>>> print(open('query-v4.csv').read())   # CSV, C-alpha atoms
chain,number,residue,atom,x,y,z
H,7,ILE,CA,99.7,212.2,61.0
H,8,MET,CA,98.4,208.7,60.9
H,9,LEU,CA,99.4,208.5,57.2
H,10,ALA,CA,103.0,209.7,57.9
H,11,ALA,CA,103.3,207.2,60.8
H,12,ALA,CA,101.9,204.4,58.7
H,13,GLN,CA,104.3,205.3,55.9
H,14,LYS,CA,107.3,205.1,58.1
H,15,LEU,CA,106.0,201.8,59.6
H,16,GLY,CA,105.5,200.3,56.1
H,17,ALA,CA,108.9,201.4,54.9
H,18,GLY,CA,110.6,199.9,57.9
H,19,LEU,CA,108.7,196.6,57.6
H,20,SER,CA,109.4,196.2,53.9
H,21,THR,CA,113.2,196.0,54.5
H,22,PHE,CA,112.6,192.5,55.7
H,23,GLY,CA,113.0,191.4,52.1
H,24,LEU,CA,116.7,192.2,52.2
H,25,ALA,CA,117.3,189.3,54.5
H,26,GLY,CA,116.8,186.8,51.7
H,27,ALA,CA,119.0,188.7,49.4
H,28,GLY,CA,121.7,188.8,52.0
H,29,VAL,CA,121.5,185.0,52.2
H,30,GLY,CA,121.7,184.7,48.4
H,31,ILE,CA,124.7,186.9,48.1
H,32,GLY,CA,126.5,185.0,50.8
H,33,PHE,CA,125.7,181.8,49.1
H,34,ILE,CA,127.0,183.0,45.8
H,35,PHE,CA,130.4,184.0,47.2
H,36,GLY,CA,130.6,181.0,49.4
H,37,SER,CA,130.2,178.8,46.3
H,38,LEU,CA,132.8,180.9,44.6
H,39,ILE,CA,135.3,180.2,47.3
H,40,LEU,CA,134.4,176.4,47.2
H,41,GLY,CA,134.7,176.4,43.5
H,42,THR,CA,138.0,178.1,43.6
H,43,ALA,CA,139.3,175.6,46.1
H,44,ARG,CA,138.4,172.8,43.8
H,45,ASN,CA,139.8,174.2,40.6
H,46,PRO,CA,141.8,177.5,40.7
H,47,SER,CA,140.9,178.7,37.3
H,48,LEU,CA,139.6,181.8,39.1
H,49,LYS,CA,140.3,184.9,37.0
H,50,ASP,CA,138.7,183.4,33.9
H,51,ASP,CA,135.1,182.5,34.3
H,52,MET,CA,134.2,181.9,38.0
H,53,PHE,CA,134.8,185.4,39.2
H,54,ARG,CA,132.9,186.9,36.3
H,55,TYR,CA,129.9,184.7,37.0
H,56,ALA,CA,130.1,185.5,40.6
H,57,ILE,CA,130.0,189.2,39.9
H,58,LEU,CA,127.1,188.6,37.5
H,59,GLY,CA,125.2,186.6,40.1
H,60,PHE,CA,125.9,189.2,42.8
H,61,ALA,CA,124.5,192.0,40.7
H,62,LEU,CA,121.4,190.0,39.8
H,63,THR,CA,120.8,189.1,43.5
H,64,GLU,CA,121.4,192.7,44.5
H,65,ALA,CA,118.8,193.7,42.1
H,66,ILE,CA,116.2,191.7,44.0
H,67,ALA,CA,117.3,193.4,47.2
H,68,LEU,CA,117.0,196.7,45.6
H,69,PHE,CA,113.5,195.9,44.3
H,70,ALA,CA,112.5,195.5,48.0
H,71,LEU,CA,114.3,198.7,48.9
H,72,MET,CA,112.5,200.6,46.1
H,73,ILE,CA,109.1,199.5,47.5
H,74,ALA,CA,110.2,200.8,50.8
H,75,PHE,CA,111.0,204.2,49.3
H,76,LEU,CA,107.8,204.2,47.3
H,77,ILE,CA,105.9,203.7,50.5
H,78,LEU,CA,107.9,206.2,52.4
H,79,PHE,CA,107.6,209.1,50.0
K,20,SER,CA,115.4,214.8,52.9
K,21,PRO,CA,118.0,212.5,51.2
K,22,LEU,CA,115.9,212.1,48.1
K,23,GLU,CA,116.0,215.7,47.0
K,24,GLN,CA,119.5,215.3,45.4
K,25,PHE,CA,117.7,213.6,42.5
K,26,GLN,CA,115.7,216.7,41.5
K,27,VAL,CA,116.1,217.8,37.9
K,28,LEU,CA,116.6,221.5,38.1
K,29,PRO,CA,116.3,223.7,35.1
K,30,ILE,CA,119.3,226.0,34.5
K,31,VAL,CA,118.0,227.7,31.4
K,32,PRO,CA,114.3,227.3,31.1
K,33,ILE,CA,113.1,227.1,27.4
K,34,THR,CA,109.5,226.3,27.0
K,35,PHE,CA,107.4,226.4,23.9
K,36,GLY,CA,103.9,226.3,25.3
K,37,PHE,CA,103.8,222.9,26.9
K,38,ILE,CA,106.9,221.5,25.3
K,39,ASP,CA,109.7,221.8,27.8
K,40,LEU,CA,113.1,221.9,26.2
K,41,SER,CA,114.9,223.6,29.1
K,42,LEU,CA,118.6,223.1,29.8
K,43,THR,CA,118.5,221.2,33.0
K,44,ASN,CA,121.4,219.8,35.1
K,45,GLU,CA,120.6,216.4,33.7
K,46,VAL,CA,121.1,217.7,30.1
K,47,VAL,CA,124.4,219.2,31.1
K,48,ILE,CA,125.8,215.8,32.3
K,49,LEU,CA,124.3,214.1,29.3
K,50,PHE,CA,126.0,216.5,26.9
K,51,LEU,CA,129.2,216.1,28.9
K,52,VAL,CA,129.2,212.4,28.4
K,53,PHE,CA,128.0,212.4,24.9
K,54,PHE,CA,130.3,215.0,23.4
K,55,LEU,CA,133.2,215.4,25.7
K,56,LEU,CA,133.8,211.8,26.9
K,57,GLY,CA,132.8,210.1,23.8
K,58,THR,CA,134.7,212.1,21.3
K,59,LEU,CA,137.4,213.9,23.2
K,60,LEU,CA,138.6,210.9,25.0
K,61,PHE,CA,138.8,208.8,21.9
K,62,SER,CA,140.6,211.6,20.1
K,63,LEU,CA,143.1,212.0,22.9
K,64,LEU,CA,144.3,208.5,22.4
K,65,TYR,CA,145.5,208.9,18.9
K,66,LYS,CA,148.8,210.2,17.8
K,67,ASP,CA,148.1,212.3,14.8
K,68,GLY,CA,145.2,210.2,13.8
K,69,THR,CA,146.5,206.7,14.2
K,70,LEU,CA,146.7,204.2,17.0
K,71,SER,CA,150.3,203.2,17.8
K,72,LEU,CA,151.2,199.6,17.9
K,73,ILE,CA,152.9,199.8,21.3
K,74,PRO,CA,150.1,201.5,23.2
K,75,ASN,CA,150.4,204.4,25.6
K,76,ARG,CA,148.5,204.2,28.8
K,77,TRP,CA,145.2,205.6,27.7
K,78,GLN,CA,145.2,203.3,24.7
K,79,ALA,CA,146.0,200.3,26.8
K,80,MET,CA,143.1,201.0,29.0
K,81,LEU,CA,140.8,201.4,26.1
K,82,GLU,CA,142.1,198.2,24.6
K,83,MET,CA,141.4,196.3,27.8
K,84,ILE,CA,137.8,197.5,27.8
K,85,TYR,CA,137.6,196.7,24.1
K,86,LYS,CA,138.9,193.2,24.6
K,87,ALA,CA,136.7,192.6,27.6
K,88,ILE,CA,133.5,193.6,25.8
K,89,LEU,CA,134.5,191.7,22.7
K,90,SER,CA,135.0,188.5,24.6
K,91,LEU,CA,131.7,189.1,26.3
K,92,VAL,CA,129.9,189.5,23.0
K,93,VAL,CA,131.6,186.6,21.2
K,94,ASP,CA,131.3,184.2,24.1
K,95,ASN,CA,127.7,184.9,24.9
K,96,ILE,CA,126.2,185.1,21.5
K,97,ARG,CA,127.1,181.8,20.0
K,98,ASN,CA,126.7,182.6,16.4
K,99,ASP,CA,128.9,183.4,13.4
K,100,THR,CA,127.4,186.9,13.1
K,101,ALA,CA,128.0,187.7,16.7
K,102,GLU,CA,130.5,190.5,16.1
K,103,ARG,CA,128.1,192.8,14.4
K,104,PHE,CA,126.5,193.4,17.8
K,105,PHE,CA,129.8,194.5,19.3
K,106,PRO,CA,129.4,198.3,18.6
K,107,LEU,CA,126.0,198.3,20.3
K,108,VAL,CA,127.2,196.6,23.4
K,109,PHE,CA,130.3,198.6,23.6
K,110,SER,CA,128.6,201.9,23.3
K,111,VAL,CA,125.9,201.0,25.8
K,112,PHE,CA,128.6,199.8,28.2
K,113,PHE,CA,130.8,202.8,27.9
K,114,PHE,CA,127.8,205.2,28.1
K,115,ILE,CA,126.4,203.7,31.2
K,116,LEU,CA,129.9,203.4,32.7
K,117,SER,CA,130.6,207.0,32.2
K,118,LEU,CA,127.2,208.1,33.4
K,119,ASN,CA,127.6,206.1,36.6
K,120,VAL,CA,131.1,207.2,37.3
K,121,ILE,CA,130.4,210.9,36.6
K,122,GLY,CA,127.6,210.7,39.2
K,123,LEU,CA,130.2,209.9,41.8
K,124,VAL,CA,131.8,213.4,41.6
K,125,PRO,CA,130.6,215.3,44.7
K,126,TYR,CA,128.3,218.0,43.4
K,127,SER,CA,127.4,216.2,40.2
K,128,PHE,CA,124.2,214.6,39.0
K,129,THR,CA,123.7,210.9,38.3
K,130,ILE,CA,121.3,210.7,35.5
K,131,THR,CA,121.0,206.9,35.5
K,132,SER,CA,119.4,207.2,38.9
K,133,HIS,CA,116.3,208.3,37.1
K,134,LEU,CA,114.0,205.5,36.1
K,135,ILE,CA,113.0,207.2,32.9
K,136,VAL,CA,116.6,207.3,31.6
K,137,THR,CA,117.4,203.6,32.3
K,138,LEU,CA,113.9,202.6,31.1
K,139,ALA,CA,114.5,204.5,27.8
K,140,ILE,CA,117.8,202.7,27.3
K,141,ALA,CA,116.5,199.3,28.3
K,142,LEU,CA,113.2,199.6,26.4
K,143,SER,CA,114.8,200.7,23.2
K,144,ILE,CA,117.3,197.8,23.3
K,145,PHE,CA,114.4,195.4,24.1
K,146,ILE,CA,112.4,196.7,21.1
K,147,GLY,CA,115.6,196.3,19.0
K,148,ILE,CA,116.1,192.7,20.1
K,149,ASN,CA,112.5,191.9,19.2
K,150,ILE,CA,112.9,193.4,15.8
K,151,ILE,CA,116.2,191.4,15.3
K,152,CYS,CA,114.4,188.2,16.4
K,153,VAL,CA,111.4,188.7,14.2
K,154,ARG,CA,113.5,189.6,11.2
K,155,ARG,CA,115.7,186.5,11.6
K,156,HIS,CA,113.1,183.9,12.5
K,157,GLY,CA,109.8,185.2,11.2
K,158,MET,CA,106.8,183.5,12.7
K,159,LYS,CA,109.0,181.1,14.7
K,160,PHE,CA,109.5,184.0,17.1
K,161,PHE,CA,106.8,182.5,19.3
K,162,SER,CA,108.9,179.5,20.0
K,163,LEU,CA,110.8,181.7,22.3
K,164,PHE,CA,108.1,181.2,24.9
K,165,LEU,CA,108.3,177.5,25.0
K,166,PRO,CA,111.5,176.0,26.5
K,167,PRO,CA,112.6,172.8,24.8
K,168,GLY,CA,111.8,169.4,26.2
K,169,THR,CA,108.5,170.1,28.0
K,170,GLY,CA,105.5,167.9,27.7
K,171,VAL,CA,102.2,169.2,26.3
K,172,ALA,CA,100.4,169.5,29.6
K,173,PHE,CA,103.3,171.3,31.1
K,174,ALA,CA,103.4,173.7,28.2
K,175,PHE,CA,100.0,175.2,29.1
K,176,LEU,CA,101.4,176.2,32.5
K,177,LEU,CA,104.7,177.3,31.3
K,178,VAL,CA,103.9,179.6,28.3
K,179,PRO,CA,102.2,182.3,30.3
K,180,ILE,CA,105.0,182.3,32.8
K,181,GLU,CA,107.5,182.6,30.1
K,182,PHE,CA,105.5,185.3,28.5
K,183,ILE,CA,105.4,187.3,31.7
K,184,SER,CA,109.1,186.8,32.4
K,185,TYR,CA,109.9,187.9,28.8
K,186,PHE,CA,108.1,191.2,29.3
K,187,PHE,CA,109.7,191.6,32.7
K,188,LYS,CA,113.2,191.6,31.1
K,189,PRO,CA,113.5,195.3,30.2
K,190,VAL,CA,111.7,196.3,33.4
K,191,SER,CA,114.1,194.4,35.5
K,192,LEU,CA,117.1,195.6,33.5
K,193,SER,CA,116.2,199.2,34.0
K,194,ILE,CA,115.1,198.9,37.6
K,195,ARG,CA,118.3,197.1,38.5
K,196,LEU,CA,120.4,200.0,37.3
K,197,PHE,CA,118.1,202.6,38.6
K,198,ALA,CA,117.7,201.1,42.1
K,199,ASN,CA,121.4,200.5,42.5
K,200,MET,CA,122.4,204.0,41.6
K,201,MET,CA,119.6,205.6,43.6
K,202,ALA,CA,120.1,203.5,46.7
K,203,GLY,CA,123.8,204.1,46.6
K,204,HIS,CA,123.6,207.8,46.4
K,205,THR,CA,120.8,208.0,49.0
K,206,LEU,CA,122.9,206.0,51.4
K,207,LEU,CA,125.9,208.3,50.9
K,208,LYS,CA,123.7,211.3,51.5
K,209,VAL,CA,122.1,209.9,54.6
K,210,ILE,CA,125.5,209.1,56.2
K,211,ALA,CA,126.9,212.4,55.2
K,212,GLY,CA,123.8,214.0,56.8
K,213,PHE,CA,124.6,212.2,60.0
K,214,GLY,CA,128.1,213.7,60.0
K,215,PHE,CA,126.7,217.1,59.2
K,216,VAL,CA,124.2,216.9,62.1
K,217,LEU,CA,126.9,215.6,64.5
K,218,MET,CA,129.1,218.6,63.7
K,219,GLY,CA,126.5,221.0,64.9
K,220,LYS,CA,125.9,219.4,68.3
K,221,ALA,CA,127.9,220.2,71.4
K,222,GLY,CA,130.1,218.2,73.7
K,223,ILE,CA,131.5,214.8,72.9
K,224,LEU,CA,129.2,214.5,69.9
K,225,PHE,CA,131.2,217.1,68.1
K,226,PHE,CA,134.3,214.9,68.2
K,227,MET,CA,132.4,211.9,67.0
K,228,HIS,CA,131.5,213.5,63.7
K,229,TYR,CA,134.6,211.9,62.2
K,230,ILE,CA,133.0,208.5,62.4
K,231,PRO,CA,130.4,209.0,59.6
K,232,LEU,CA,133.1,210.5,57.4
K,233,LEU,CA,135.3,207.5,58.0
K,234,ILE,CA,132.5,205.2,57.2
K,235,LEU,CA,131.9,207.2,54.0
K,236,ILE,CA,135.3,206.3,52.6
K,237,PRO,CA,134.7,202.6,52.1
K,238,LEU,CA,131.1,203.3,51.1
K,239,PHE,CA,132.4,205.5,48.3
K,240,GLY,CA,134.6,202.7,47.2
K,241,LEU,CA,131.6,200.4,47.2
K,242,GLU,CA,129.7,202.9,45.1
K,243,LEU,CA,132.5,203.0,42.6
K,244,ALA,CA,132.5,199.2,42.4
K,245,VAL,CA,128.8,199.2,42.1
K,246,ALA,CA,128.9,201.7,39.2
K,247,LEU,CA,131.4,199.5,37.3
K,248,ILE,CA,129.6,196.3,38.1
K,249,GLN,CA,126.2,197.6,37.1
K,250,ALA,CA,127.4,198.8,33.8
K,251,PHE,CA,129.1,195.4,33.2
K,252,VAL,CA,126.0,193.5,34.2
K,253,PHE,CA,123.8,195.6,32.0
K,254,SER,CA,125.9,194.8,28.9
K,255,ILE,CA,126.3,191.1,29.8
K,256,LEU,CA,122.5,190.8,30.1
K,257,ILE,CA,122.1,192.5,26.8
K,258,CYS,CA,124.4,189.9,25.3
K,259,ILE,CA,122.5,187.1,27.0
K,260,TYR,CA,119.1,188.4,25.7
K,261,LEU,CA,120.6,188.7,22.2
K,262,ASN,CA,121.8,185.1,22.5
K,263,ASP,CA,118.2,184.1,23.4
K,264,ALA,CA,116.8,186.1,20.5
K,265,ILE,CA,119.3,184.9,17.9
K,266,ASN,CA,119.5,181.2,18.9
K,267,LEU,CA,115.9,180.4,19.9
K,268,HIS,CA,116.7,178.4,23.0
>>> encode(input="query-v4.csv", output="structure tokens")
Amino acid sequence: IMLAAAQKLGAGLSTFGLAGAGVGIGFIFGSLILGTARNPSLKDDMFRYAILGFALTEAIALFALMIAFLILF
Amino acid sequence: SPLEQFQVLPIVPITFGFIDLSLTNEVVILFLVFFLLGTLLFSLLYKDGTLSLIPNRWQAMLEMIYKAILSLVVDNIRNDTAERFFPLVFSVFFFILSLNVIGLVPYSFTITSHLIVTLAIALSIFIGINIICVRRHGMKFFSLFLPPGTGVAFAFLLVPIEFISYFFKPVSLSIRLFANMMAGHTLLKVIAGFGFVLMGKAGILFFMHYIPLLILIPLFGLELAVALIQAFVFSILICIYLNDAINLH
């Protein structure tokens, strides 16, 4: 019973890592908006790089989530 | 438990002693993508064996994907021989795209949400990139671990870090795809479970069971976007790693 409780506690605590990833994704899309405001060559490169950066940052968030799942089960 | 949708269930068990060749649900989806989507879709586009100059709609969609991946390969691998890697990147992109999107169908099975599948793809491409690099550059392959313009004292610190990050590449590539797919499907299952549980309760809770279903609709859209984006990011990262391997920094 202690193990199950500790597992749930650990899984809940390890979702703190998603905060940094949230900041990172917001930063990427914020800079996309700023960059588009400066130079609206949007559909060519900037949006593609923004999606690439989003996916890479999301990967870090999901690394943290995977550790949560590993602890939980 | 929301993780039990990822179980590989044998449909037709075929075991030779300890070798397990059984027909599982994972194998069914894999065969579906490999034979049906790969060959039938491409053969549906042709009018009696040839592509028409003014494309019909399926051909236009395929041409869009073709052009996107071609620009990806040619822009990222800055070399004259870049186009010979186009079939590899295109097949990987189309394969992962179809596997991801097939997993969105309600009772279906996402095989890229298993680490072994994505690790197999990423590791084989990583080994292939190593072989390409060694064949092209011989012993200069080890200059991959030393970024240009660093002093000697700095190099002692930097080379182990580069070494570790080099071997982290296929791991991160596979875990990114695996974690995105698995987390997405688990989220969908958890919210659907909320709706299911709410439907069984009495009173006002019964009428609130629409709320999880309404939340599920944009989440499903997000899942579709993530499926497309993850396939795209996988292939663009393969192009970047190929660029690193072919032009040593």
>>> interface_residues(input="query-v4.csv", of="chain K", to="chain H", cutoff="10 Å", atoms="only C-alpha atoms", output="mmCIF file with C-alpha atoms, in the coordinates of the input")
data_model
loop_
_atom_site.group_PDB
_atom_site.id
_atom_site.type_symbol
_atom_site.label_atom_id
_atom_site.label_comp_id
_atom_site.auth_asym_id
_atom_site.auth_seq_id
_atom_site.Cartn_x
_atom_site.Cartn_y
_atom_site.Cartn_z
ATOM 1 C CA LEU K 22 115.900 212.100 48.100
ATOM 2 C CA SER K 191 114.100 194.400 35.500
ATOM 3 C CA LEU K 192 117.100 195.600 33.500
ATOM 4 C CA ILE K 194 115.100 198.900 37.600
ATOM 5 C CA ARG K 195 118.300 197.100 38.500
ATOM 6 C CA LEU K 196 120.400 200.000 37.300
ATOM 7 C CA PHE K 197 118.100 202.600 38.600
ATOM 8 C CA ALA K 198 117.700 201.100 42.100
ATOM 9 C CA ASN K 199 121.400 200.500 42.500
ATOM 10 C CA MET K 200 122.400 204.000 41.600
ATOM 11 C CA MET K 201 119.600 205.600 43.600
ATOM 12 C CA ALA K 202 120.100 203.500 46.700
ATOM 13 C CA VAL K 245 128.800 199.200 42.100
ATOM 14 C CA ILE K 248 129.600 196.300 38.100
ATOM 15 C CA GLN K 249 126.200 197.600 37.100
ATOM 16 C CA PHE K 251 129.100 195.400 33.200
ATOM 17 C CA VAL K 252 126.000 193.500 34.200
ATOM 18 C CA PHE K 253 123.800 195.600 32.000
ATOM 19 C CA ILE K 255 126.300 191.100 29.800
ATOM 20 C CA LEU K 256 122.500 190.800 30.100
#
>>> atom_distance(input="query-v4.csv", atom1="atom CA of Val190 of chain K", atom2="atom CA of Thr137 of chain K")
9.3 Å
>>> atom_distance(input="query-v4.csv", atom1="atom CA of Leu42 of chain K", atom2="atom CA of Gly203 of chain K")
25.9 Å
>>> atom_distance(input="query-v4.csv", atom1="atom CA of Ala244 of chain K", atom2="atom CA of His228 of chain K")
25.7 Å
>>> residues_around(input="query-v4.csv", residues="Met52 of chain H", least_positions_apart="5", cutoff="10 Å", atoms="only C-alpha atoms", output="PyMOL selection string")
chain H and resi 37-39+41-42+45-47+57-58
>>> closest_residue(input="query-v4.csv", among="K:Tyr260, K:Tyr229, K:Phe37, K:Phe113", to="Phe53 of chain K", atoms="only C-alpha atoms")
K:Phe113
>>> residues_around(input="query-v4.csv", residues="Glu181 of chain K", least_positions_apart="6", cutoff="9 Å", atoms="only C-alpha atoms", output="list in words")
Leu163, Phe164, Leu165 and Pro166 of chain K
>>> residues_near_point(input="query-v4.csv", point="(131.1, 201.3, 29.0)", cutoff="10 Å", atoms="all atoms listed in the file", output="ChimeraX atom specification")
/K:84-85,88,108-119,247,250-251,253-254
>>> write_last_selection(input="query-v4.csv", atoms="C-alpha atoms", output="short mmCIF file (atom, residue, chain, number, x, y, z; two decimals), in the frame of the given file")
data_model
loop_
_atom_site.label_atom_id
_atom_site.label_comp_id
_atom_site.auth_asym_id
_atom_site.auth_seq_id
_atom_site.Cartn_x
_atom_site.Cartn_y
_atom_site.Cartn_z
CA ILE K 84 137.80 197.50 27.80
CA TYR K 85 137.60 196.70 24.10
CA ILE K 88 133.50 193.60 25.80
CA VAL K 108 127.20 196.60 23.40
CA PHE K 109 130.30 198.60 23.60
CA SER K 110 128.60 201.90 23.30
CA VAL K 111 125.90 201.00 25.80
CA PHE K 112 128.60 199.80 28.20
CA PHE K 113 130.80 202.80 27.90
CA PHE K 114 127.80 205.20 28.10
CA ILE K 115 126.40 203.70 31.20
CA LEU K 116 129.90 203.40 32.70
CA SER K 117 130.60 207.00 32.20
CA LEU K 118 127.20 208.10 33.40
CA ASN K 119 127.60 206.10 36.60
CA LEU K 247 131.40 199.50 37.30
CA ALA K 250 127.40 198.80 33.80
CA PHE K 251 129.10 195.40 33.20
CA PHE K 253 123.80 195.60 32.00
CA SER K 254 125.90 194.80 28.90
#
